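Input: a single structure, listed below in structure tokens.
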Amino acid sequence: MRRRTALQGAAVTSLLSLGSSSCALQSAPAGTDSNGVTTLRMWHYYQDQQKTWLEDEVRRFEAKHPKTRIALIDVVGDQQAQKLLASVSIGNGPDLLMNNIVVDFPVLRAAGVLKDITEQWESFQDNDQFPEATAWRNEGRVFNLLPYTNLIGMYAHSDALADSGVETVPSTLSELESAMQKVSEKGAFEPLAMAGSPDVEGAWLFAPQLLGLGIDYCNFHGAAVEDAFRRLARWRDKGWLPQATATWSQTDAWQQFMTGRYAFALNGNWNLGNARDSGFAIQTARYPASDGGKSKVYPGGEGIAIGAQTKYPDLAWSFIESAFLSAPGARAVNTVAGSIPVRADVASSDQLAGDADVAPFVEAARHQARWPDNERTADMQRALGEAVSGVISGQLSGDEGASSAVNEIAAARADGGGSC
Amino acid sequence: MITPRPLKRVFTVLAATLGLAYLLPLVWVILTAFKTNNAVLKNPNSIFFRPTLETFRAVINDGFGAILTSLQITISVTALVLAIGVPAAYALSRHAHPLWNRVATIGLALLLILQMVPQPMTVIPLFSVLANWHVIGTLPGLILADLALLLPYAIIVLRPFVLAIPNVLYEAARIDGASSVQTFFRLTIPMLANGIFTVGAIIFITAWGEFVYAINFLPEGTVLPVSGLLAQQNSQYSANWNTLMALAVLTALPLLIVFLFAQRRLVNGLSLGAVK
Amino acid sequence: MVILAAFALWPLFVLVQMSLSEVGPAEIVGNWSFVGLRNFVDVLGDFETWKAILRTIGLCAILVISNLVLGFIAATVLSTTGRTASAVLGILVFVWALPPLVSGSVWRFLLDDTGTLNAILGLLGISPVNWLSDPALALWSVSAVVAWASLPFSILIMRGGLLAVNPELIEAAAIDGAGFWTTRWRIILPLMRPTLWILAVITVLYAFRSFDFFYVMTQGGPGTSTNTLPVLSYYTAFTNFDMSTGATIAVVSMVVVLAFAVPYVRTIKNEETS
């Protein structure tokens, strides 16, 4: 008998929870209500300071547009692309969205998630403040904007440099090699913390070693590629890169650098605030240039786009102008969230160019590389990441890594229609 | 149960060893929850540090909201899975007709294969099905999806418990003139108490941790369930280890309570069964 | 019941359809063009797929041994002792309730080359081992963590099965003079055969469909050395939404698992005819 009452109890509880939940778990309102207030749904996956910045911008916008509300909808970063594809398939896509542009732009574009914003962008009065690479195009049409970026550079632990007799922060890869040699001989510090995980992150950390020589995913082959992989194998063999690097993500590598045991780190501008709280002195520099080449990295960060199914493209665009393209928005994104705006007047201001730690990242953002326009860009990155991780772990020799990367990247590019 | 005395001592040692193997990582989780983010970064494995309650203070509101969402989902799913799964397992194991046997066997094989579809790959097809039924972005829609995911599991696990009920008891019931519905409620369910609690606990915990469906099928802009909230703590930019671990501790507490409650019940259920 | 079955069958149908079509991001919404077995030719022609099958079988073997053998011993231990057992069970459940994201992350710290485990080994004079970044070792390290994480589940089920065994049978055996382990072996184990089968099946299924620990701990690396079938399928399907290749790999793993399911279905049949 007791068993039955327990079961009945469970049934009643569940009915109650079903009933109560229909009011507790309800969607944010969207569209225009009876008071003429229009609510736009914006999907984003920002956390912490980045979210604070976005909320500030929404408040600033709503103060100027009393009849418009921007409802920020939290999604989980890893799952956003899938959820977007599914939502669009039933006609319920968001009005505005932020996306991990370097990975999912081709997918979202092909799946019809993004609205064509060519007209808006070209008639935007300040668009000459932005480099050409800000507008992401497919077949000549603009679908996505990257008005501020997050990108990688080099961090150096000042005490480790002094301890090992390294006088200046290396600016080329061969200077970095000789500096790592010194650090490793002295033995008090480990030479380098970088990400080497077999995914887009491993690829993104390694690609700049070739970008400065003019080699990107579109022409990924030749002697320079082999040299770069052999160099990576050399770093591994000399113990400059611990084997554990082969599974480190950027956050893992940063965690290691923050323990204070490493002399150098290759990591992103978003860690600058954290680095200043670290308790040891740091210096920053651009990603070391390849010998005979320039320092060049891929831009990363969040793209902003208008959803293809929005009913309010004009309102959505005015929010983009206010938060993402205006000078106040650009300044705030740096002070609040630590990102690097590319808008020329802000980038050259004292706030950015005048800060010695920030300046290298601003420089890098101005000379950024261009991502390929190919549906399989993410596969190419994954292929490169697997090769990098394979070499660092010792699963592959330098030459094996190079040939695996060259072949897999070429295959992915062909699968994606061969365009670049 | 009778255990020889020397064995009992060995068992206690074994149990303690097992406990330690699970306790040590748990200790790491708990210690990290009391560190500042900077302390985790600088020395993730330190044992001696100045503990702070700051992390818990920061996450308690989010954690509480997430627990409420998770409870709504989990209780509904567990109750429904048991309400459908117990009779289904009974029907698939107690049979009178040879044709029914054949159907049951094929049914079970199908259930097994269904378990093989990788969950993330079912999201997009399910999305359009749920949209057709106008339950996308609602709690019932999510519950339905979870039900389809977990029910086969529950039936497969319950089946051996049903089979373990001695046939003699059923014959006795038939001789007493009990209808099959009466037999089910008066005999099967009490005899299955162990199985029901075991499976209930498993479904509860699985539904609690379920993440892919929850974040895809819940209404937009609602408080994420525990699993979703935890997943948010790691991004490509930073990993808030202390927040993640504090949330993990906080949100595991309700489960622990449920388990302790279920365990007491389990002992009661056993003695009841023994009297009969 | 019928609705639920249809609901559960639908994804399977879509999966098979995807594996026979060309489905990229542009086609997810819209019509799929039928390409016959081309995806299967591509997938089976890739050496990496075969290596992934072997790795998955390796993981599977570890899990089956751990869940069944260790699980049975541990369940026996925990179904007999009193207060210690409840405490240990409480810990087990607590740990089991932690999502893979959390427990996987913890093990990443513990198994790091400068992590706690190596520190302990260092105290014993053993040099550090690169548990997760040595390509020869990583698969086994992650498998061990997966086994660790799924053992509580198996213990709980086995313990439920053990407690359901009629105590009179055990008393009868004791009166007949059977020793403790003889009773386990001769009386309890045969009675638990259905439970053991279920566990074995669930374990195999789990090995062939779960990827979360790999996702959290190694992302399939170092290099490709922990790419099991589900990991491969996940990354192929979701890196570029190449759904058809991902679906094909999933169908391949289903076929591999079906080979395991045959003996199970046969025992069910035997039970029913006897």
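Each chain in the structure tokens gets a letter, A, B, ..., in the order shown, and its residues are numbered from 1; ligands are numbered from 1 in order too.
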Contacts of range 345-355 of chain A at 7 Å or less, counting only C-alpha atoms, minus same-chain residues fewer than 5 places along, as a list in words?
Ala327, Ala330, Arg331 and Val362 of chain A
Mind dumping the selected residues with N, CA and C atoms as a JSON list (two decimals), in the first residue's frame?
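Ended up saving to result_26.json:
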```json
[["chain", "number", "residue", "atom", "x", "y", "z"],
["A", 327, "ALA", "N", 31.77, 54.80, -32.74],
["A", 327, "ALA", "CA", 32.99, 55.01, -31.96],
["A", 327, "ALA", "C", 32.78, 54.73, -30.46],
["A", 330, "ALA", "N", 32.76, 51.02, -29.94],
["A", 330, "ALA", "CA", 34.08, 50.46, -30.14],
["A", 330, "ALA", "C", 34.98, 50.71, -28.94],
["A", 331, "ARG", "N", 34.88, 51.94, -28.38],
["A", 331, "ARG", "CA", 35.71, 52.23, -27.21],
["A", 331, "ARG", "C", 35.29, 51.35, -26.03],
["A", 362, "VAL", "N", 46.59, 45.68, -31.46],
["A", 362, "VAL", "CA", 45.95, 46.63, -32.38],
["A", 362, "VAL", "C", 46.65, 46.56, -33.73]]
```
Chain C near chain A within 8 Å: what's each residue's closest atom pair and its distance in Å to one decimal, counting only C-alpha atoms, ordered by chain then ascending residue number, as JSON lines?
```
{"residue": "C:Pro25", "atom": "CA", "partner": "A:Ala111", "partner_atom": "CA", "distance": 5.2}
{"residue": "C:Ala26", "atom": "CA", "partner": "A:Ala111", "partner_atom": "CA", "distance": 4.4}
{"residue": "C:Glu27", "atom": "CA", "partner": "A:Ala111", "partner_atom": "CA", "distance": 7.1}
{"residue": "C:Ile28", "atom": "CA", "partner": "A:Ala111", "partner_atom": "CA", "distance": 7.1}
{"residue": "C:Val29", "atom": "CA", "partner": "A:Ser89", "partner_atom": "CA", "distance": 5.6}
{"residue": "C:Asp112", "atom": "CA", "partner": "A:Ala244", "partner_atom": "CA", "distance": 7.2}
{"residue": "C:Asp113", "atom": "CA", "partner": "A:Ala244", "partner_atom": "CA", "distance": 6.4}
{"residue": "C:Asn130", "atom": "CA", "partner": "A:Ala244", "partner_atom": "CA", "distance": 6.8}
{"residue": "C:Leu132", "atom": "CA", "partner": "A:Ala244", "partner_atom": "CA", "distance": 7.1}
{"residue": "C:Ser133", "atom": "CA", "partner": "A:Ala244", "partner_atom": "CA", "distance": 4.9}
{"residue": "C:Asp134", "atom": "CA", "partner": "A:Ser393", "partner_atom": "CA", "distance": 6.1}
{"residue": "C:Pro135", "atom": "CA", "partner": "A:Gln395", "partner_atom": "CA", "distance": 5.9}
{"residue": "C:Met217", "atom": "CA", "partner": "A:Thr247", "partner_atom": "CA", "distance": 7.9}
{"residue": "C:Thr218", "atom": "CA", "partner": "A:Thr247", "partner_atom": "CA", "distance": 5.5}
{"residue": "C:Gln219", "atom": "CA", "partner": "A:Pro198", "partner_atom": "CA", "distance": 6.6}
{"residue": "C:Gly220", "atom": "CA", "partner": "A:Pro198", "partner_atom": "CA", "distance": 7.0}
{"residue": "C:Gly221", "atom": "CA", "partner": "A:Pro198", "partner_atom": "CA", "distance": 5.6}
{"residue": "C:Pro222", "atom": "CA", "partner": "A:Ala246", "partner_atom": "CA", "distance": 5.2}
{"residue": "C:Gly223", "atom": "CA", "partner": "A:Gly390", "partner_atom": "CA", "distance": 3.5}
{"residue": "C:Thr224", "atom": "CA", "partner": "A:Glu386", "partner_atom": "CA", "distance": 6.3}
{"residue": "C:Ser225", "atom": "CA", "partner": "A:Gln395", "partner_atom": "CA", "distance": 7.8}
{"residue": "C:Thr239", "atom": "CA", "partner": "A:Ala378", "partner_atom": "CA", "distance": 5.9}
{"residue": "C:Asn240", "atom": "CA", "partner": "A:Ala378", "partner_atom": "CA", "distance": 5.8}
{"residue": "C:Phe241", "atom": "CA", "partner": "A:Val107", "partner_atom": "CA", "distance": 7.1}
```
Within 6 Å of chain C: residues of chain B, using only C-alpha atoms, as a ChimeraX atom specification
/B:11,19,118,122,148,160,194,209
Keeping only N, CA and C atoms, write those residues as a PDB file, in the first residue's frame.
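Generated output (selection_17.pdb):
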```
ATOM      1  N   PHE B  11      35.721  -6.844   3.301  1.00  0.00           N
ATOM      2  CA  PHE B  11      34.752  -6.058   2.553  1.00  0.00           C
ATOM      3  C   PHE B  11      34.780  -4.596   2.966  1.00  0.00           C
ATOM      4  N   GLY B  19      35.522   3.763  -2.028  1.00  0.00           N
ATOM      5  CA  GLY B  19      35.075   5.095  -1.637  1.00  0.00           C
ATOM      6  C   GLY B  19      36.163   6.122  -1.877  1.00  0.00           C
ATOM      7  N   PRO B 118      23.195   8.631 -32.456  1.00  0.00           N
ATOM      8  CA  PRO B 118      23.856   9.636 -31.614  1.00  0.00           C
ATOM      9  C   PRO B 118      22.897  10.780 -31.318  1.00  0.00           C
ATOM     10  N   THR B 122      19.937  13.635 -33.582  1.00  0.00           N
ATOM     11  CA  THR B 122      18.480  13.559 -33.605  1.00  0.00           C
ATOM     12  C   THR B 122      17.841  14.930 -33.418  1.00  0.00           C
ATOM     13  N   ALA B 148      11.189   9.827 -25.171  1.00  0.00           N
ATOM     14  CA  ALA B 148      11.574   8.946 -26.266  1.00  0.00           C
ATOM     15  C   ALA B 148      13.010   8.475 -26.090  1.00  0.00           C
ATOM     16  N   PRO B 160      14.759  -7.547 -16.619  1.00  0.00           N
ATOM     17  CA  PRO B 160      15.230  -8.651 -15.771  1.00  0.00           C
ATOM     18  C   PRO B 160      14.577  -8.651 -14.390  1.00  0.00           C
ATOM     19  N   ASN B 194      12.369  -2.800  -5.795  1.00  0.00           N
ATOM     20  CA  ASN B 194      13.803  -2.579  -6.008  1.00  0.00           C
ATOM     21  C   ASN B 194      14.110  -2.071  -7.388  1.00  0.00           C
ATOM     22  N   GLY B 209      21.132  15.228 -15.955  1.00  0.00           N
ATOM     23  CA  GLY B 209      22.357  15.604 -16.662  1.00  0.00           C
ATOM     24  C   GLY B 209      22.133  15.845 -18.142  1.00  0.00           C
TER      25      GLY B 209
END
```
Do you have the CA of Asn45 in chain B-CA of Trp28 in chain B distance handy?
7.7 Å
Which residues of chain B are close to chain A, meaning at most 7 Å apart when you count only C-alpha atoms, and how do they look as a PyMOL selection string?
chain B and resi 41-43+72+75-76+79+124+127-128+131+190+216+219-222+232+236-239
Residues as selected, N, CA and C atoms, written as a tab-separated table (two decimals), in the first residue's frame, can you do that?
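This went into again-v2.tsv:
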```
chain	number	residue	atom	x	y	z
B	41	LEU	N	44.05	29.36	-11.13
B	41	LEU	CA	44.97	29.51	-12.25
B	41	LEU	C	46.41	29.28	-11.81
B	42	LYS	N	46.77	29.88	-10.67
B	42	LYS	CA	48.17	29.84	-10.27
B	42	LYS	C	48.57	28.47	-9.74
B	43	ASN	N	47.69	27.85	-9.02
B	43	ASN	CA	48.05	26.57	-8.44
B	43	ASN	C	46.83	25.69	-8.31
B	72	GLN	N	11.78	20.58	-12.43
B	72	GLN	CA	10.54	20.47	-13.20
B	72	GLN	C	10.68	19.42	-14.29
B	75	ILE	N	11.54	15.65	-12.64
B	75	ILE	CA	10.45	14.96	-11.95
B	75	ILE	C	9.41	14.50	-12.96
B	76	SER	N	9.04	15.39	-13.89
B	76	SER	CA	8.04	14.99	-14.88
B	76	SER	C	8.52	13.81	-15.70
B	79	ALA	N	8.67	10.50	-13.60
B	79	ALA	CA	7.35	9.96	-13.30
B	79	ALA	C	6.73	9.35	-14.55
B	124	ILE	N	17.98	17.87	-35.06
B	124	ILE	CA	17.34	18.57	-36.18
B	124	ILE	C	16.06	17.87	-36.65
B	127	PHE	N	13.39	18.45	-34.08
B	127	PHE	CA	12.96	19.84	-34.06
B	127	PHE	C	11.75	20.04	-34.97
B	128	SER	N	11.83	19.45	-36.19
B	128	SER	CA	10.72	19.67	-37.11
B	128	SER	C	9.48	18.88	-36.68
B	131	ALA	N	7.91	20.82	-33.93
B	131	ALA	CA	7.29	22.03	-34.48
B	131	ALA	C	5.95	21.69	-35.12
B	190	PRO	N	4.61	-4.24	-6.10
B	190	PRO	CA	5.36	-4.43	-4.84
B	190	PRO	C	6.61	-5.28	-5.03
B	216	ASN	N	18.27	22.76	-26.57
B	216	ASN	CA	17.69	22.99	-27.89
B	216	ASN	C	16.18	23.12	-27.88
B	219	PRO	N	12.04	26.63	-24.04
B	219	PRO	CA	11.69	27.95	-24.56
B	219	PRO	C	12.89	28.88	-24.52
B	220	GLU	N	12.93	29.79	-25.48
B	220	GLU	CA	14.02	30.77	-25.54
B	220	GLU	C	14.00	31.67	-24.32
B	221	GLY	N	15.19	31.98	-23.83
B	221	GLY	CA	15.29	32.99	-22.81
B	221	GLY	C	14.86	32.54	-21.44
B	222	THR	N	14.57	31.23	-21.25
B	222	THR	CA	14.24	30.77	-19.91
B	222	THR	C	15.50	30.44	-19.17
B	232	GLN	N	27.80	26.40	-19.81
B	232	GLN	CA	28.09	27.80	-20.13
B	232	GLN	C	29.38	28.30	-19.48
B	236	GLN	N	35.57	29.51	-25.26
B	236	GLN	CA	36.90	29.52	-25.87
B	236	GLN	C	37.79	30.58	-25.24
B	237	TYR	N	37.19	31.53	-24.52
B	237	TYR	CA	37.98	32.61	-23.96
B	237	TYR	C	38.49	32.33	-22.56
B	238	SER	N	37.64	31.69	-21.77
B	238	SER	CA	38.10	31.48	-20.40
B	238	SER	C	37.36	30.30	-19.80
B	239	ALA	N	37.96	29.72	-18.81
B	239	ALA	CA	37.32	28.64	-18.09
B	239	ALA	C	37.24	29.06	-16.63
```
Mind the document's chain letters and residue numbers, and return as an NGL selection string the residues of range 108-233 of chain A that DSSP labels helix (DSSP H, G or I).
:A and (108-110 or 118-122 or 127-129 or 132-134 or 158-164 or 173-186 or 200-206 or 208-211 or 217-219 or 223-233)
Find the residues near Glu54 in chain B: any atom within 9 Å, counting only C-alpha atoms, skip ones fewer than 3 places away on the same chain, and give them as a tab-separated table (two decimals) with N, CA and C atoms, in the first residue's frame.
```
chain	number	residue	atom	x	y	z
B	34	PHE	N	36.10	26.41	-3.42
B	34	PHE	CA	36.37	27.40	-2.37
B	34	PHE	C	37.59	28.26	-2.68
B	35	LYS	N	38.09	28.18	-3.93
B	35	LYS	CA	39.24	29.00	-4.30
B	35	LYS	C	38.79	30.20	-5.12
B	36	THR	N	39.64	31.22	-5.19
B	36	THR	CA	39.37	32.30	-6.13
B	36	THR	C	39.87	31.85	-7.50
B	57	ARG	N	28.70	32.52	-3.21
B	57	ARG	CA	27.81	33.67	-3.12
B	57	ARG	C	27.44	34.13	-4.53
B	58	ALA	N	28.43	34.08	-5.43
B	58	ALA	CA	28.17	34.57	-6.79
B	58	ALA	C	27.24	33.66	-7.58
B	59	VAL	N	27.28	32.37	-7.30
B	59	VAL	CA	26.51	31.47	-8.16
B	59	VAL	C	25.18	31.03	-7.56
```
Picked from range 13-190 of chain C by DSSP as strand (DSSP E or B), as a list in words
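Taking range 13-190 of chain C and keeping strand (DSSP E or B) only, one gets Ser21, Glu22, Ser33 and Phe34 of chain C.
Using only C-alpha atoms for every distance, the candidate list A:Ile409, A:Ala193, A:Val336, A:Cys420 yields A:Cys420 as the residue closest to Glu139 in chain A.
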Can you tell me, as a list of chain:residue names, what residues are no more than 10 Å from Ile196 in chain B when counting only C-alpha atoms, ignoring any on the same chain fewer than 3 positions away?
B:Leu82, B:Gly85, B:Val86, B:Ala154, B:Val157, B:Leu158, B:Phe161, B:Ile189, B:Pro190, B:Met191, B:Leu192, B:Ala193, B:Val199, B:Gly200, B:Ala201, B:Ile202, B:Leu266, C:Gly160
Give me a file of those residues, with C-alpha atoms, as a PDB file, in the first residue's frame.
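Contents of the output file part.pdb:
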```
ATOM      1  CA  LEU B  82       8.056   4.920 -14.802  1.00  0.00           C
ATOM      2  CA  GLY B  85       7.932   1.888 -18.586  1.00  0.00           C
ATOM      3  CA  VAL B  86       6.791  -0.388 -15.766  1.00  0.00           C
ATOM      4  CA  ALA B 154      14.052   2.020 -18.655  1.00  0.00           C
ATOM      5  CA  VAL B 157      16.742  -2.346 -17.483  1.00  0.00           C
ATOM      6  CA  LEU B 158      13.401  -3.191 -15.838  1.00  0.00           C
ATOM      7  CA  PHE B 161      13.567  -7.442 -12.580  1.00  0.00           C
ATOM      8  CA  ILE B 189       4.535  -3.484  -8.457  1.00  0.00           C
ATOM      9  CA  PRO B 190       5.364  -4.427  -4.845  1.00  0.00           C
ATOM     10  CA  MET B 191       7.691  -7.174  -6.056  1.00  0.00           C
ATOM     11  CA  LEU B 192       9.366  -4.718  -8.433  1.00  0.00           C
ATOM     12  CA  ALA B 193      10.046  -2.120  -5.717  1.00  0.00           C
ATOM     13  CA  VAL B 199      15.541   2.516 -12.587  1.00  0.00           C
ATOM     14  CA  GLY B 200      13.865   5.597 -11.167  1.00  0.00           C
ATOM     15  CA  ALA B 201      17.169   6.737  -9.703  1.00  0.00           C
ATOM     16  CA  ILE B 202      18.951   6.093 -12.993  1.00  0.00           C
ATOM     17  CA  LEU B 266      14.673   0.848  -0.525  1.00  0.00           C
TER      18      LEU B 266
ATOM     19  CA  GLY C 160      19.494  -3.822  -7.150  1.00  0.00           C
TER      20      GLY C 160
END
```
For range 116-123 of chain A, list every protein, DNA or RNA residue within 6 Å, evaluated using only C-alpha atoms, and leave out those in the same chain fewer than 6 positions away; present the list as a list in words.
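Selected residues are Arg141, Val142 and Phe143 of chain A.
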Generate a file of the selected residues that holds N, CA and C atoms, formatted as a tab-separated table (two decimals), in the first residue's frame.
```tsv
chain	number	residue	atom	x	y	z
A	141	ARG	N	28.39	39.25	-51.87
A	141	ARG	CA	27.39	39.86	-51.00
A	141	ARG	C	27.84	39.80	-49.53
A	142	VAL	N	27.50	40.82	-48.77
A	142	VAL	CA	27.90	40.88	-47.36
A	142	VAL	C	26.82	40.22	-46.48
A	143	PHE	N	27.25	39.33	-45.59
A	143	PHE	CA	26.29	38.66	-44.69
A	143	PHE	C	26.65	38.80	-43.21
```
Do you have the CA of Leu145 in chain A-CA of Cys218 in chain A distance handy?
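If I compute the distance from CA of Leu145 in chain A to CA of Cys218 in chain A, I get 21.8 Å.
Each of C:Ser154, C:Thr56, C:Thr49, C:Asn31 was checked against Thr245 in chain C using only C-alpha atoms; the smallest atom-to-atom distance is that of C:Thr49.
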